[in-house]
file start.pdb (PDB, N, CA and C atoms)
ATOM      1  N   MET A  28     -19.563  -0.466  -9.699
ATOM      2  CA  MET A  28     -19.613   0.386  -8.521
ATOM      3  C   MET A  28     -18.418   1.340  -8.567
ATOM      4  N   LYS A  29     -18.680   2.600  -8.427
ATOM      5  CA  LYS A  29     -17.608   3.589  -8.366
ATOM      6  C   LYS A  29     -17.155   3.732  -6.919
ATOM      7  N   VAL A  30     -15.849   3.849  -6.758
ATOM      8  CA  VAL A  30     -15.294   4.024  -5.420
ATOM      9  C   VAL A  30     -14.259   5.142  -5.429
ATOM     10  N   GLU A  31     -14.058   5.666  -4.267
ATOM     11  CA  GLU A  31     -13.020   6.678  -4.043
ATOM     12  C   GLU A  31     -12.035   6.077  -3.043
ATOM     13  N   LEU A  32     -10.741   6.344  -3.242
ATOM     14  CA  LEU A  32      -9.754   5.842  -2.306
ATOM     15  C   LEU A  32      -9.782   6.641  -1.017
ATOM     16  N   GLY A  33      -9.801   5.921   0.085
ATOM     17  CA  GLY A  33      -9.682   6.537   1.396
ATOM     18  C   GLY A  33      -8.234   6.450   1.842
ATOM     19  N   ILE A  34      -8.046   6.201   3.113
ATOM     20  CA  ILE A  34      -6.694   6.143   3.657
ATOM     21  C   ILE A  34      -5.998   4.846   3.248
ATOM     22  N   CYS A  35      -4.689   4.901   3.220
ATOM     23  CA  CYS A  35      -3.870   3.731   2.912
ATOM     24  C   CYS A  35      -3.877   2.792   4.115
ATOM     25  N   LEU A  36      -4.052   1.510   3.854
ATOM     26  CA  LEU A  36      -4.102   0.506   4.913
ATOM     27  C   LEU A  36      -2.838  -0.354   4.939
ATOM     28  N   LEU A  37      -1.798   0.111   4.283
ATOM     29  CA  LEU A  37      -0.575  -0.666   4.180
ATOM     30  C   LEU A  37       0.013  -0.990   5.549
ATOM     31  N   ASP A  38      -0.008  -0.041   6.475
ATOM     32  CA  ASP A  38       0.543  -0.314   7.806
ATOM     33  C   ASP A  38      -0.188  -1.464   8.484
ATOM     34  N   GLU A  39      -1.521  -1.527   8.307
ATOM     35  CA  GLU A  39      -2.308  -2.617   8.894
ATOM     36  C   GLU A  39      -1.980  -3.950   8.234
ATOM     37  N   ARG A  40      -1.858  -3.948   6.908
ATOM     38  CA  ARG A  40      -1.525  -5.190   6.193
ATOM     39  C   ARG A  40      -0.148  -5.694   6.602
ATOM     40  N   LEU A  41       0.811  -4.781   6.748
ATOM     41  CA  LEU A  41       2.155  -5.181   7.168
ATOM     42  C   LEU A  41       2.134  -5.768   8.578
ATOM     43  N   ALA A  42       1.387  -5.149   9.470
ATOM     44  CA  ALA A  42       1.294  -5.645  10.845
ATOM     45  C   ALA A  42       0.691  -7.050  10.867
ATOM     46  N   GLU A  43      -0.313  -7.289  10.041
ATOM     47  CA  GLU A  43      -0.929  -8.621   9.971
ATOM     48  C   GLU A  43       0.075  -9.681   9.530
ATOM     49  N   LYS A  44       1.003  -9.302   8.686
ATOM     50  CA  LYS A  44       1.999 -10.240   8.160
ATOM     51  C   LYS A  44       3.277 -10.273   8.995
ATOM     52  N   GLY A  45       3.362  -9.395   9.990
ATOM     53  CA  GLY A  45       4.560  -9.332  10.819
ATOM     54  C   GLY A  45       5.767  -8.813  10.054
ATOM     55  N   MET A  46       5.509  -7.899   9.160
ATOM     56  CA  MET A  46       6.558  -7.350   8.299
ATOM     57  C   MET A  46       6.678  -5.847   8.557
ATOM     58  N   THR A  47       7.889  -5.320   8.423
ATOM     59  CA  THR A  47       8.085  -3.881   8.587
ATOM     60  C   THR A  47       8.118  -3.195   7.224
ATOM     61  N   ALA A  48       7.956  -1.895   7.258
ATOM     62  CA  ALA A  48       8.043  -1.104   6.030
ATOM     63  C   ALA A  48       9.442  -1.202   5.429
ATOM     64  N   LEU A  49      10.466  -1.279   6.280
ATOM     65  CA  LEU A  49      11.836  -1.416   5.781
ATOM     66  C   LEU A  49      12.037  -2.755   5.077
ATOM     67  N   GLN A  50      11.459  -3.813   5.605
ATOM     68  CA  GLN A  50      11.558  -5.127   4.958
ATOM     69  C   GLN A  50      10.848  -5.119   3.608
ATOM     70  N   LEU A  51       9.697  -4.470   3.560
ATOM     71  CA  LEU A  51       8.959  -4.368   2.302
ATOM     72  C   LEU A  51       9.767  -3.582   1.278
ATOM     73  N   ALA A  52      10.314  -2.460   1.694
ATOM     74  CA  ALA A  52      11.123  -1.638   0.789
ATOM     75  C   ALA A  52      12.306  -2.437   0.243
ATOM     76  N   ALA A  53      12.959  -3.197   1.110
ATOM     77  CA  ALA A  53      14.104  -4.002   0.676
ATOM     78  C   ALA A  53      13.666  -5.088  -0.310
ATOM     79  N   ALA A  54      12.545  -5.731  -0.040
ATOM     80  CA  ALA A  54      12.053  -6.796  -0.916
ATOM     81  C   ALA A  54      11.719  -6.277  -2.310
ATOM     82  N   LEU A  55      11.250  -5.036  -2.374
ATOM     83  CA  LEU A  55      10.853  -4.445  -3.658
ATOM     84  C   LEU A  55      11.939  -3.570  -4.277
ATOM     85  N   GLN A  56      13.026  -3.384  -3.547
ATOM     86  CA  GLN A  56      14.089  -2.481  -3.961
ATOM     87  C   GLN A  56      13.567  -1.055  -4.162
ATOM     88  N   TYR A  57      12.712  -0.626  -3.238
ATOM     89  CA  TYR A  57      12.202   0.744  -3.196
ATOM     90  C   TYR A  57      12.930   1.476  -2.085
ATOM     91  N   LYS A  58      12.983   2.784  -2.185
ATOM     92  CA  LYS A  58      13.501   3.584  -1.081
ATOM     93  C   LYS A  58      12.463   3.535   0.048
ATOM     94  N   PRO A  59      12.925   3.420   1.299
ATOM     95  CA  PRO A  59      11.981   3.383   2.424
ATOM     96  C   PRO A  59      11.060   4.601   2.475
ATOM     97  N   GLU A  60      11.564   5.749   2.003
ATOM     98  CA  GLU A  60      10.761   6.965   2.008
ATOM     99  C   GLU A  60       9.521   6.815   1.121
ATOM    100  N   ARG A  61       9.650   6.076   0.045
ATOM    101  CA  ARG A  61       8.520   5.860  -0.859
ATOM    102  C   ARG A  61       7.417   5.080  -0.152
ATOM    103  N   ILE A  62       7.794   4.029   0.559
ATOM    104  CA  ILE A  62       6.812   3.244   1.312
ATOM    105  C   ILE A  62       6.182   4.123   2.396
ATOM    106  N   ALA A  63       6.995   4.910   3.073
ATOM    107  CA  ALA A  63       6.482   5.807   4.115
ATOM    108  C   ALA A  63       5.491   6.807   3.532
ATOM    109  N   ASP A  64       5.778   7.332   2.348
ATOM    110  CA  ASP A  64       4.858   8.273   1.702
ATOM    111  C   ASP A  64       3.507   7.625   1.425
ATOM    112  N   TYR A  65       3.507   6.370   0.993
ATOM    113  CA  TYR A  65       2.238   5.665   0.784
ATOM    114  C   TYR A  65       1.494   5.514   2.104
ATOM    115  N   MET A  66       2.203   5.084   3.128
ATOM    116  CA  MET A  66       1.582   4.826   4.423
ATOM    117  C   MET A  66       1.040   6.095   5.067
ATOM    118  N   GLU A  67       1.687   7.222   4.803
ATOM    119  CA  GLU A  67       1.271   8.504   5.386
ATOM    120  C   GLU A  67       0.322   9.271   4.471
ATOM    121  N   ASN A  68      -0.122   8.624   3.405
ATOM    122  CA  ASN A  68      -1.063   9.210   2.444
ATOM    123  C   ASN A  68      -0.526  10.460   1.767
ATOM    124  N   LYS A  69       0.781  10.528   1.603
ATOM    125  CA  LYS A  69       1.401  11.636   0.883
ATOM    126  C   LYS A  69       1.435  11.349  -0.614
ATOM    127  N   ARG A  70       1.426  10.057  -0.975
ATOM    128  CA  ARG A  70       1.420   9.619  -2.375
ATOM    129  C   ARG A  70       0.444   8.459  -2.504
ATOM    130  N   ILE A  71      -0.214   8.387  -3.637
ATOM    131  CA  ILE A  71      -1.068   7.245  -3.945
ATOM    132  C   ILE A  71      -0.228   6.244  -4.731
ATOM    133  N   MET A  72      -0.331   4.986  -4.358
ATOM    134  CA  MET A  72       0.435   3.952  -5.055
ATOM    135  C   MET A  72      -0.006   3.843  -6.505
ATOM    136  N   PRO A  73       0.927   3.866  -7.431
ATOM    137  CA  PRO A  73       0.573   3.525  -8.808
ATOM    138  C   PRO A  73       0.153   2.052  -8.853
ATOM    139  N   LEU A  74      -0.618   1.691  -9.847
ATOM    140  CA  LEU A  74      -1.125   0.329  -9.937
ATOM    141  C   LEU A  74      -0.001  -0.703  -9.925
ATOM    142  N   LYS A  75       1.071  -0.474 -10.672
ATOM    143  CA  LYS A  75       2.187  -1.433 -10.696
ATOM    144  C   LYS A  75       2.776  -1.631  -9.306
ATOM    145  N   ALA A  76       2.947  -0.559  -8.576
ATOM    146  CA  ALA A  76       3.493  -0.656  -7.222
ATOM    147  C   ALA A  76       2.521  -1.405  -6.313
ATOM    148  N   ALA A  77       1.230  -1.103  -6.422
ATOM    149  CA  ALA A  77       0.224  -1.764  -5.593
ATOM    150  C   ALA A  77       0.198  -3.265  -5.861
ATOM    151  N   ILE A  78       0.306  -3.664  -7.126
ATOM    152  CA  ILE A  78       0.322  -5.085  -7.470
ATOM    153  C   ILE A  78       1.549  -5.758  -6.868
ATOM    154  N   SER A  79       2.703  -5.117  -6.974
ATOM    155  CA  SER A  79       3.941  -5.675  -6.420
ATOM    156  C   SER A  79       3.863  -5.780  -4.905
ATOM    157  N   ILE A  80       3.369  -4.743  -4.260
ATOM    158  CA  ILE A  80       3.252  -4.733  -2.799
ATOM    159  C   ILE A  80       2.299  -5.831  -2.347
ATOM    160  N   ALA A  81       1.153  -5.938  -3.005
ATOM    161  CA  ALA A  81       0.168  -6.967  -2.642
ATOM    162  C   ALA A  81       0.765  -8.367  -2.798
ATOM    163  N   ALA A  82       1.535  -8.585  -3.845
ATOM    164  CA  ALA A  82       2.149  -9.894  -4.065
ATOM    165  C   ALA A  82       3.154 -10.229  -2.965
ATOM    166  N   VAL A  83       3.945  -9.248  -2.550
ATOM    167  CA  VAL A  83       4.960  -9.491  -1.521
ATOM    168  C   VAL A  83       4.322  -9.766  -0.165
ATOM    169  N   ILE A  84       3.280  -9.020   0.189
ATOM    170  CA  ILE A  84       2.688  -9.200   1.525
ATOM    171  C   ILE A  84       1.523 -10.185   1.535
ATOM    172  N   GLY A  85       1.136 -10.674   0.366
ATOM    173  CA  GLY A  85       0.112 -11.712   0.313
ATOM    174  C   GLY A  85      -1.297 -11.219   0.575
ATOM    175  N   CYS A  86      -1.667 -10.125  -0.058
ATOM    176  CA  CYS A  86      -3.031  -9.628   0.064
ATOM    177  C   CYS A  86      -3.530  -9.237  -1.316
ATOM    178  N   ARG A  87      -4.783  -8.840  -1.388
ATOM    179  CA  ARG A  87      -5.332  -8.337  -2.646
ATOM    180  C   ARG A  87      -5.066  -6.844  -2.735
ATOM    181  N   VAL A  88      -4.961  -6.346  -3.943
ATOM    182  CA  VAL A  88      -4.709  -4.915  -4.165
ATOM    183  C   VAL A  88      -5.784  -4.077  -3.474
ATOM    184  N   GLU A  89      -7.012  -4.538  -3.522
ATOM    185  CA  GLU A  89      -8.133  -3.794  -2.922
ATOM    186  C   GLU A  89      -7.998  -3.633  -1.417
ATOM    187  N   GLN A  90      -7.148  -4.451  -0.798
ATOM    188  CA  GLN A  90      -6.976  -4.383   0.650
ATOM    189  C   GLN A  90      -5.922  -3.369   1.078
ATOM    190  N   LEU A  91      -5.327  -2.681   0.117
ATOM    191  CA  LEU A  91      -4.285  -1.716   0.451
ATOM    192  C   LEU A  91      -4.831  -0.318   0.754
ATOM    193  N   TYR A  92      -6.086  -0.082   0.380
ATOM    194  CA  TYR A  92      -6.718   1.215   0.637
ATOM    195  C   TYR A  92      -8.131   1.006   1.162
ATOM    196  N   GLU A  93      -8.561   1.954   1.948
ATOM    197  CA  GLU A  93      -9.969   2.018   2.336
ATOM    198  C   GLU A  93     -10.725   2.427   1.068
ATOM    199  N   LEU A  94     -11.781   1.728   0.740
ATOM    200  CA  LEU A  94     -12.566   2.045  -0.449
ATOM    201  C   LEU A  94     -13.908   2.616  -0.037
ATOM    202  N   LYS A  95     -14.224   3.797  -0.548
ATOM    203  CA  LYS A  95     -15.469   4.480  -0.191
ATOM    204  C   LYS A  95     -16.359   4.533  -1.431
ATOM    205  N   PRO A  96     -17.545   3.915  -1.359
ATOM    206  CA  PRO A  96     -18.462   4.010  -2.508
ATOM    207  C   PRO A  96     -18.903   5.447  -2.720
ATOM    208  N   ILE A  97     -19.016   5.825  -3.981
ATOM    209  CA  ILE A  97     -19.506   7.179  -4.298
ATOM    210  C   ILE A  97     -20.718   7.093  -5.196
TER     211      ILE A  97
END
call {"tool": "encode", "arguments": {"input": "start.pdb", "output": "structure tokens"}}
result
Amino acid sequence: MKVELGICLLDERLAEKGMTALQLAAALQYKPERIADYMENKRIMPLKAAISIAAVIGCRVEQLYELKPI
């Protein structure tokens, strides 16, 4: 199945875990601006970043973005 990425759902995943974007950035040693860019759909997460983020917040990589079938 081919899919297209929709909006980033990172803010929702963080809220479910009771974690802030600043806590996530600190855990990954990323600049907070980078996390904000993902959340605001200014940048698409590279696969390595998505895997790391999913591992820290305890979700699947597929849950970080809205997936639209094409």
call {"tool": "atom_distance", "arguments": {"input": "start.pdb", "atom1": "atom CA of Val30 of chain A", "atom2": "atom C of Ile97 of chain A"}}
result
6.2 Å
call {"tool": "residues_around", "arguments": {"input": "start.pdb", "residues": "segment 64-80 of chain A", "least_positions_apart": "3", "cutoff": "8 Å", "atoms": "all atoms listed in the file", "output": "PyMOL selection string"}}
result
chain A and resi 33-38+51+55+59-61+83-89+91
call {"tool": "atom_distance", "arguments": {"input": "start.pdb", "atom1": "atom CA of Ala82 of chain A", "atom2": "atom CA of Glu31 of chain A"}}
result
22.5 Å
call {"tool": "select_by_dssp", "arguments": {"input": "start.pdb", "residues": "chain A", "states": "helix (DSSP H, G or I)", "output": "count of residues only"}}
result
39
call {"tool": "atom_distance", "arguments": {"input": "start.pdb", "atom1": "atom N of Ala63 of chain A", "atom2": "atom C of Met46 of chain A"}}
result
12.1 Å
call {"tool": "select_by_dssp", "arguments": {"input": "start.pdb", "residues": "chain A", "states": "strand (DSSP E)", "output": "NGL selection string"}}
result
:A and (30-35 or 92-96)
call {"tool": "decode", "arguments": {"input": "start.pdb", "residues": "segment 66-79 of chain A", "atoms": "all heavy atoms", "output": "compact mmCIF listing (two decimals), in the first residue's frame"}}
result
# COMPACT_ATOMS: atom_id res chain seq x y z
N MET A 66 6.98 19.16 14.76
CA MET A 66 5.61 19.30 15.25
C MET A 66 4.82 20.31 14.43
O MET A 66 3.60 20.16 14.27
CB MET A 66 5.62 19.69 16.73
CG MET A 66 6.17 18.58 17.61
SD MET A 66 6.40 19.05 19.33
CE MET A 66 4.72 19.15 19.88
N GLU A 67 5.49 21.32 13.90
CA GLU A 67 4.83 22.36 13.11
C GLU A 67 4.85 22.06 11.62
O GLU A 67 4.48 22.91 10.80
CB GLU A 67 5.49 23.71 13.39
CG GLU A 67 5.31 24.16 14.83
CD GLU A 67 6.20 25.33 15.21
OE1 GLU A 67 6.88 25.90 14.32
OE2 GLU A 67 6.22 25.67 16.41
N ASN A 68 5.28 20.86 11.27
CA ASN A 68 5.33 20.40 9.88
C ASN A 68 6.23 21.26 9.00
O ASN A 68 6.01 21.37 7.80
CB ASN A 68 3.92 20.30 9.28
CG ASN A 68 3.09 19.27 10.00
OD1 ASN A 68 3.40 18.08 9.96
ND2 ASN A 68 2.07 19.72 10.70
N LYS A 69 7.26 21.83 9.59
CA LYS A 69 8.25 22.60 8.83
C LYS A 69 9.34 21.68 8.29
O LYS A 69 9.98 22.01 7.31
CB LYS A 69 8.88 23.68 9.71
CG LYS A 69 7.92 24.77 10.10
CD LYS A 69 8.60 25.82 10.96
CE LYS A 69 7.61 26.90 11.38
NZ LYS A 69 8.24 27.86 12.29
N ARG A 70 9.55 20.54 8.96
CA ARG A 70 10.53 19.53 8.54
C ARG A 70 9.91 18.15 8.71
O ARG A 70 9.14 17.93 9.64
CB ARG A 70 11.78 19.57 9.44
CG ARG A 70 12.59 20.81 9.34
CD ARG A 70 13.71 20.85 10.38
NE ARG A 70 14.68 19.78 10.17
CZ ARG A 70 15.81 19.68 10.85
NH1 ARG A 70 16.11 20.56 11.78
NH2 ARG A 70 16.65 18.70 10.62
N ILE A 71 10.26 17.25 7.82
CA ILE A 71 9.85 15.86 7.96
C ILE A 71 10.96 15.12 8.69
O ILE A 71 12.15 15.31 8.39
CB ILE A 71 9.59 15.22 6.58
CG1 ILE A 71 8.39 15.91 5.92
CG2 ILE A 71 9.34 13.72 6.71
CD1 ILE A 71 8.12 15.45 4.51
N MET A 72 10.58 14.32 9.66
CA MET A 72 11.58 13.56 10.42
C MET A 72 12.31 12.58 9.51
O MET A 72 11.67 11.80 8.82
CB MET A 72 10.90 12.72 11.49
CG MET A 72 10.37 13.44 12.65
SD MET A 72 9.53 12.24 13.71
CE MET A 72 8.07 13.20 14.10
N PRO A 73 13.63 12.58 9.55
CA PRO A 73 14.36 11.50 8.88
C PRO A 73 14.05 10.19 9.61
O PRO A 73 13.68 10.19 10.79
CB PRO A 73 15.83 11.88 9.05
CG PRO A 73 15.83 13.32 9.46
CD PRO A 73 14.51 13.58 10.12
N LEU A 74 14.21 9.09 8.92
CA LEU A 74 13.88 7.79 9.51
C LEU A 74 14.62 7.55 10.82
O LEU A 74 14.03 7.08 11.79
CB LEU A 74 14.16 6.67 8.51
CG LEU A 74 13.82 5.27 8.98
CD1 LEU A 74 12.35 5.15 9.40
CD2 LEU A 74 14.14 4.26 7.90
N LYS A 75 15.91 7.85 10.88
CA LYS A 75 16.67 7.64 12.12
C LYS A 75 16.08 8.43 13.28
O LYS A 75 15.97 7.93 14.39
CB LYS A 75 18.14 8.05 11.93
CG LYS A 75 18.97 7.05 11.19
CD LYS A 75 20.41 7.55 11.15
CE LYS A 75 21.34 6.55 10.54
NZ LYS A 75 22.73 7.01 10.54
N ALA A 76 15.71 9.66 13.03
CA ALA A 76 15.12 10.49 14.07
C ALA A 76 13.76 9.92 14.49
O ALA A 76 13.45 9.86 15.68
CB ALA A 76 14.96 11.93 13.60
N ALA A 77 12.95 9.50 13.53
CA ALA A 77 11.64 8.94 13.83
C ALA A 77 11.76 7.68 14.68
O ALA A 77 11.00 7.48 15.63
CB ALA A 77 10.87 8.65 12.55
N ILE A 78 12.73 6.83 14.37
CA ILE A 78 12.94 5.61 15.15
C ILE A 78 13.34 5.96 16.57
O ILE A 78 12.83 5.38 17.54
CB ILE A 78 14.00 4.71 14.47
CG1 ILE A 78 13.42 4.13 13.17
CG2 ILE A 78 14.45 3.59 15.41
CD1 ILE A 78 14.46 3.44 12.28
N SER A 79 14.24 6.92 16.73
CA SER A 79 14.69 7.34 18.06
C SER A 79 13.55 7.95 18.85
O SER A 79 13.36 7.65 20.04
CB SER A 79 15.84 8.34 17.95
OG SER A 79 16.95 7.74 17.35
